[in-house]
Amino acid sequence: MSSLPDGLIVVAKRECPTCTLVEPLLRELAQGRSPLTVYVQDDAAYAADVADVAGMVFDETLEHSFRLGIEFVPTLIRVEGGREVARTHGWHRGDWQEISGQPELGVALPPLRPGCGSKTLDPGIAEELIVRFGNTGLASRNVEIGGGEDLMEACFERGWTDGLPVVPPTPARVLRMLQGTTRAPDEIIGMVPPDLAPCTVEKVAINAVMAGCKPEYLPVVLAAVEAALIDEFGMHGVLCTTMFAGPVVIVNGPMAKRVGVNSGVNALGQGHRANATIGRALQLVIRNVGGGRPGELDRSTLGTPGKYSFCFAEAEDPGWESLSVERGFARDASVVTLFAGEGVQGIVDQKSRTPESLVRSFAACLRAVDHPKLAMAGDALLVVSPEHSRVFMEAGWSKARLREELGQLLLSPADEMLAGAGGIAEGLPLVMAGTQVPKFRPGGLIIVRAGGTAGLFSAVIAGWAASGPTGSTPVSKEITA
């Protein structure tokens, strides 16, 4: 409040025991030399017996409490010359006596009692009060919705959804989402393809609300968006390719556990809010900020369900280096890695009991990525389940050893591949005749550990064209608050 009436102000609520404790003192305060105003947050009958000598205000809307910046009740404030000069909260006998100028105030009461939280800080209330009575600081355009419109249907009609209902991004919800990061709402984190539209932290927060994220997920979403905007990832190409690809978000480090990104049972499936909404938020940013809509620039022939959302955490184990450490980050860093991936191809091997046997099973399945006669045309993400990884770890095989063995098993004679499928060459340059050809480019095979602890099942996620200027290369970005 820019100008306040001189005197004393008490803010209280009935449900606070300390407010009840000081209630009998209010008549004594009101009869002092300073005028008294009492704002009551929850019960108009609080201290009603002193209404004849004090200004009693039922602060039902909490506007007065909001403008006074009340965080705890009871709060006692002294105002002189229209400005606050002293404040205390809870009951501290010495402070109340000093601020009120009444040295005998409350001598029969205990010397100290803690207060309670103000109703202005109740869940969901603080942001609503900012919207109603303060300055939100939000810069995004407000869209007026008619009183008779259904908010979810309005989002569908305006093309803001991915085909599923979204959470309407009201200013209060966006403010609540922004509490998940220390970054400024107006910070521009990059230009989102295909329209190369500037994207702020606020715009990411809006789409995170729509996706159903919790505020604590926002740093992960921000890192995922920043990773998608790294040139090497080629988000524009991922959008406009006729292939099946969409961003796969892999989360490593303490943040994954802190916010509940699933790395275990059904890690690649449904049922976990963090997995579902973090990946979805990234896709909504690409759609709503960058303009990447199916049938427009998104030209995928068939697509994949992963284009709704594809996010999971690595089930890190001391026996294997995590993906983030392999990619050069500190062991305690929280990191997102983006991979332009397709669908999930299962590897079912319940017979192999040695790493030599199991690695051959993996190689046979990896050979089918894109086409058995295509080489160096795409990446692959190999998701190794805990039961399969145990076979390797108990034999002393590191991830690096597994990758090396797979590389050798996936070499093929170029002459066989040049013959093509059914006599149709699959695109290998003739200069490779007589050589051994690797299935994947150097660094094109990524290995992570994830899944439930029961079941000898792993998976391959094919990656989109890694070679050439139009392809996508996996990228990583550290998560910051």
# chains A, B, ... in the order shown; residues from 1 in each chain; ligands from 1

$ residues_around --residues "Glu104 in chain A" --least-positions-apart "5" --cutoff "12 Å" --atoms "only C-alpha atoms" --output "PyMOL selection string"
chain A and resi 25+28-29+32+93-98+109

$ residues_around --residues "Val73 in chain A" --least-positions-apart "4" --cutoff "8 Å" --atoms "only C-alpha atoms" --output "list in words"
Val11, Ala12, Lys13, Cys16, Thr18, Cys19, His89, Gly90, Gly115, Cys116, Gly117 and Ser118 of chain A

$ select_by_dssp --residues "range 145-313 of chain A" --states "strand (DSSP E or B)" --output "ChimeraX atom specification"
/A:188-192,197-200,246-252,294,298,311-313

$ residues_around --residues "Tyr308 in chain A" --least-positions-apart "3" --cutoff "9 Å" --atoms "only C-alpha atoms" --output "PyMOL selection string"
chain A and resi 162-164+246+276+279-280+283-284+304-305

$ write_last_selection --atoms "N, CA and C atoms" --output "PDB file, in the first residue's frame"
ATOM      1  N   ASP A 162      -2.003 -31.152 -28.783  1.00  0.00           N
ATOM      2  CA  ASP A 162      -1.399 -32.225 -29.574  1.00  0.00           C
ATOM      3  C   ASP A 162      -2.418 -33.301 -29.909  1.00  0.00           C
ATOM      4  N   GLY A 163      -3.686 -32.972 -29.749  1.00  0.00           N
ATOM      5  CA  GLY A 163      -4.748 -33.938 -29.979  1.00  0.00           C
ATOM      6  C   GLY A 163      -5.350 -34.472 -28.701  1.00  0.00           C
ATOM      7  N   LEU A 164      -4.658 -34.263 -27.593  1.00  0.00           N
ATOM      8  CA  LEU A 164      -5.186 -34.613 -26.276  1.00  0.00           C
ATOM      9  C   LEU A 164      -5.539 -33.333 -25.525  1.00  0.00           C
ATOM     10  N   GLY A 246      11.057 -38.403 -33.520  1.00  0.00           N
ATOM     11  CA  GLY A 246      10.696 -37.328 -32.614  1.00  0.00           C
ATOM     12  C   GLY A 246      11.702 -37.300 -31.485  1.00  0.00           C
ATOM     13  N   ALA A 276       5.577 -38.484 -18.747  1.00  0.00           N
ATOM     14  CA  ALA A 276       4.569 -38.126 -19.738  1.00  0.00           C
ATOM     15  C   ALA A 276       4.554 -36.628 -20.023  1.00  0.00           C
ATOM     16  N   GLY A 279       8.214 -34.772 -21.580  1.00  0.00           N
ATOM     17  CA  GLY A 279       8.345 -34.968 -23.020  1.00  0.00           C
ATOM     18  C   GLY A 279       7.259 -34.251 -23.789  1.00  0.00           C
ATOM     19  N   ARG A 280       6.050 -34.233 -23.234  1.00  0.00           N
ATOM     20  CA  ARG A 280       4.939 -33.555 -23.907  1.00  0.00           C
ATOM     21  C   ARG A 280       5.161 -32.045 -23.945  1.00  0.00           C
ATOM     22  N   GLN A 283       7.331 -31.085 -26.810  1.00  0.00           N
ATOM     23  CA  GLN A 283       6.612 -31.154 -28.079  1.00  0.00           C
ATOM     24  C   GLN A 283       5.641 -29.984 -28.239  1.00  0.00           C
ATOM     25  N   LEU A 284       4.993 -29.561 -27.147  1.00  0.00           N
ATOM     26  CA  LEU A 284       4.061 -28.431 -27.234  1.00  0.00           C
ATOM     27  C   LEU A 284       4.798 -27.127 -27.502  1.00  0.00           C
ATOM     28  N   THR A 304       5.016 -41.590 -35.047  1.00  0.00           N
ATOM     29  CA  THR A 304       5.200 -42.558 -33.976  1.00  0.00           C
ATOM     30  C   THR A 304       4.486 -42.026 -32.738  1.00  0.00           C
ATOM     31  N   PRO A 305       3.926 -42.909 -31.900  1.00  0.00           N
ATOM     32  CA  PRO A 305       3.284 -42.424 -30.670  1.00  0.00           C
ATOM     33  C   PRO A 305       4.232 -41.619 -29.780  1.00  0.00           C
TER      34      PRO A 305
END

$ atom_distance --atom1 "CA of Gln408 in chain A" --atom2 "CA of Val325 in chain A"
23.8 Å

$ closest_residue --among "A:Glu232, A:His92, A:Leu105, A:Thr200" --to "Pro24 in chain A" --atoms "only C-alpha atoms"
A:Leu105

$ closest_residue --among "A:Ile70, A:Val289, A:Val249, A:Cys365" --to "Gln345 in chain A" --atoms "only C-alpha atoms"
A:Cys365

$ closest_residue --among "A:Ala395, A:Leu366, A:Cys155, A:Ala267" --to "Gly407 in chain A" --atoms "only C-alpha atoms"
A:Leu366

$ atom_distance --atom1 "CA of Asn142 in chain A" --atom2 "CA of Pro294 in chain A"
25.3 Å

$ closest_residue --among "A:Pro111, A:Thr435, A:Ala313, A:Gly378" --to "Asn252 in chain A" --atoms "only C-alpha atoms"
A:Ala313

$ residues_around --residues "range 54-62 of chain A" --least-positions-apart "5" --cutoff "7 Å" --atoms "only C-alpha atoms" --output "PyMOL selection string"
chain A and resi 30+36-42+44+120

$ write_last_selection --atoms "N, CA and C atoms" --output "CSV table (one decimal), in the first residue's frame"
chain,number,residue,atom,x,y,z
A,30,ALA,N,-6.8,-0.9,21.2
A,30,ALA,CA,-7.7,0.1,20.6
A,30,ALA,C,-7.9,1.3,21.6
A,36,LEU,N,-6.4,2.0,16.0
A,36,LEU,CA,-6.2,0.5,15.7
A,36,LEU,C,-7.1,0.1,14.5
A,37,THR,N,-6.5,-0.6,13.5
A,37,THR,CA,-7.3,-1.3,12.5
A,37,THR,C,-7.0,-2.7,12.6
A,38,VAL,N,-8.0,-3.6,12.5
A,38,VAL,CA,-7.8,-5.0,12.6
A,38,VAL,C,-8.4,-5.6,11.3
A,39,TYR,N,-7.5,-6.4,10.6
A,39,TYR,CA,-7.9,-7.1,9.4
A,39,TYR,C,-8.0,-8.6,9.7
A,40,VAL,N,-9.2,-9.1,9.5
A,40,VAL,CA,-9.4,-10.5,9.9
A,40,VAL,C,-9.6,-11.3,8.6
A,41,GLN,N,-8.8,-12.4,8.4
A,41,GLN,CA,-8.8,-13.1,7.2
A,41,GLN,C,-9.9,-14.2,7.0
A,42,ASP,N,-10.4,-14.7,8.1
A,42,ASP,CA,-11.3,-15.9,7.9
A,42,ASP,C,-12.6,-15.8,8.7
A,44,ALA,N,-15.5,-13.0,10.3
A,44,ALA,CA,-15.9,-11.6,10.6
A,44,ALA,C,-16.2,-11.4,12.1
A,120,THR,N,-2.8,-15.8,2.8
A,120,THR,CA,-2.3,-15.4,1.5
A,120,THR,C,-1.3,-16.4,0.9

$ closest_residue --among "A:Pro168, A:Gly341, A:Gly295, A:Gly319" --to "Ala400 in chain A" --atoms "only C-alpha atoms"
A:Gly319

$ residues_around --residues "Arg67 in chain A" --least-positions-apart "4" --cutoff "9 Å" --atoms "only C-alpha atoms" --output "PyMOL selection string"
chain A and resi 1+62-63+133-134

$ closest_residue --among "A:Asp298, A:Glu321, A:Glu478, A:Glu394" --to "Leu338 in chain A" --atoms "only C-alpha atoms"
A:Glu478

$ atom_distance --atom1 "CA of Ser309 in chain A" --atom2 "CA of Leu406 in chain A"
29.1 Å

$ residues_around --residues "Phe392 in chain A" --least-positions-apart "4" --cutoff "8 Å" --atoms "only C-alpha atoms" --output "PyMOL selection string"
chain A and resi 354-355+388+396-398+402

$ write_last_selection --atoms "N, CA and C atoms" --output "mmCIF file, in the first residue's frame"
data_model
loop_
_atom_site.group_PDB
_atom_site.id
_atom_site.type_symbol
_atom_site.label_atom_id
_atom_site.label_comp_id
_atom_site.auth_asym_id
_atom_site.auth_seq_id
_atom_site.Cartn_x
_atom_site.Cartn_y
_atom_site.Cartn_z
ATOM 1 N N THR A 354 25.427 -65.941 -21.023
ATOM 2 C CA THR A 354 26.783 -65.411 -21.106
ATOM 3 C C THR A 354 26.760 -64.124 -21.912
ATOM 4 N N PRO A 355 27.693 -63.218 -21.671
ATOM 5 C CA PRO A 355 27.717 -61.974 -22.440
ATOM 6 C C PRO A 355 27.977 -62.227 -23.920
ATOM 7 N N HIS A 388 19.274 -58.082 -18.125
ATOM 8 C CA HIS A 388 20.259 -58.273 -19.192
ATOM 9 C C HIS A 388 21.589 -57.610 -18.830
ATOM 10 N N GLY A 396 32.044 -58.729 -15.941
ATOM 11 C CA GLY A 396 33.049 -57.676 -15.987
ATOM 12 C C GLY A 396 33.011 -56.831 -17.245
ATOM 13 N N TRP A 397 31.927 -56.901 -18.006
ATOM 14 C CA TRP A 397 31.818 -56.093 -19.223
ATOM 15 C C TRP A 397 31.307 -54.692 -18.883
ATOM 16 N N SER A 398 32.035 -53.694 -19.284
ATOM 17 C CA SER A 398 31.572 -52.312 -19.153
ATOM 18 C C SER A 398 30.683 -51.970 -20.339
ATOM 19 N N LEU A 402 30.786 -53.548 -24.180
ATOM 20 C CA LEU A 402 29.602 -53.988 -24.915
ATOM 21 C C LEU A 402 29.505 -53.274 -26.264
#

$ select_by_dssp --residues "range 30-175 of chain A" --states "alpha helix (DSSP H)" --output "PyMOL selection string"
chain A and resi 30+63-67+93-100+125-133+151-157+171-175

$ write_last_selection --atoms "C-alpha atoms" --output "short mmCIF file (atom, residue, chain, number, x, y, z; two decimals), in the first residue's frame"
data_model
loop_
_atom_site.label_atom_id
_atom_site.label_comp_id
_atom_site.auth_asym_id
_atom_site.auth_seq_id
_atom_site.Cartn_x
_atom_site.Cartn_y
_atom_site.Cartn_z
CA ALA A 30 -7.66 0.11 20.64
CA GLU A 63 -6.61 -7.85 -0.73
CA HIS A 64 -5.52 -5.91 2.36
CA SER A 65 -3.35 -8.79 3.59
CA PHE A 66 -1.80 -9.11 0.12
CA ARG A 67 -1.03 -5.40 -0.17
CA ARG A 93 5.59 -9.68 24.33
CA GLY A 94 8.54 -7.27 24.22
CA ASP A 95 8.01 -6.47 20.52
CA TRP A 96 4.28 -5.88 20.94
CA GLN A 97 4.89 -3.63 23.94
CA GLU A 98 7.53 -1.60 22.10
CA ILE A 99 5.62 -1.22 18.82
CA SER A 100 2.33 -0.38 20.54
CA ILE A 125 -3.92 -18.53 -3.32
CA ALA A 126 -0.72 -16.51 -3.66
CA GLU A 127 -0.71 -16.59 -7.46
CA GLU A 128 -4.43 -15.76 -7.66
CA LEU A 129 -3.85 -12.69 -5.48
CA ILE A 130 -1.03 -11.51 -7.73
CA VAL A 131 -3.34 -11.84 -10.73
CA ARG A 132 -6.18 -9.97 -9.01
CA PHE A 133 -4.35 -7.28 -7.09
CA LEU A 151 -11.64 -23.75 -21.61
CA MET A 152 -10.37 -27.10 -22.83
CA GLU A 153 -12.48 -26.95 -25.98
CA ALA A 154 -11.22 -23.40 -26.57
CA CYS A 155 -7.65 -24.75 -26.57
CA PHE A 156 -8.61 -27.41 -29.11
CA GLU A 157 -10.33 -24.88 -31.35
CA PRO A 171 -1.96 -16.53 -15.43
CA ALA A 172 -2.11 -18.01 -11.92
CA ARG A 173 -1.03 -21.43 -13.17
CA VAL A 174 1.80 -19.92 -15.19
CA LEU A 175 3.02 -17.94 -12.17
#
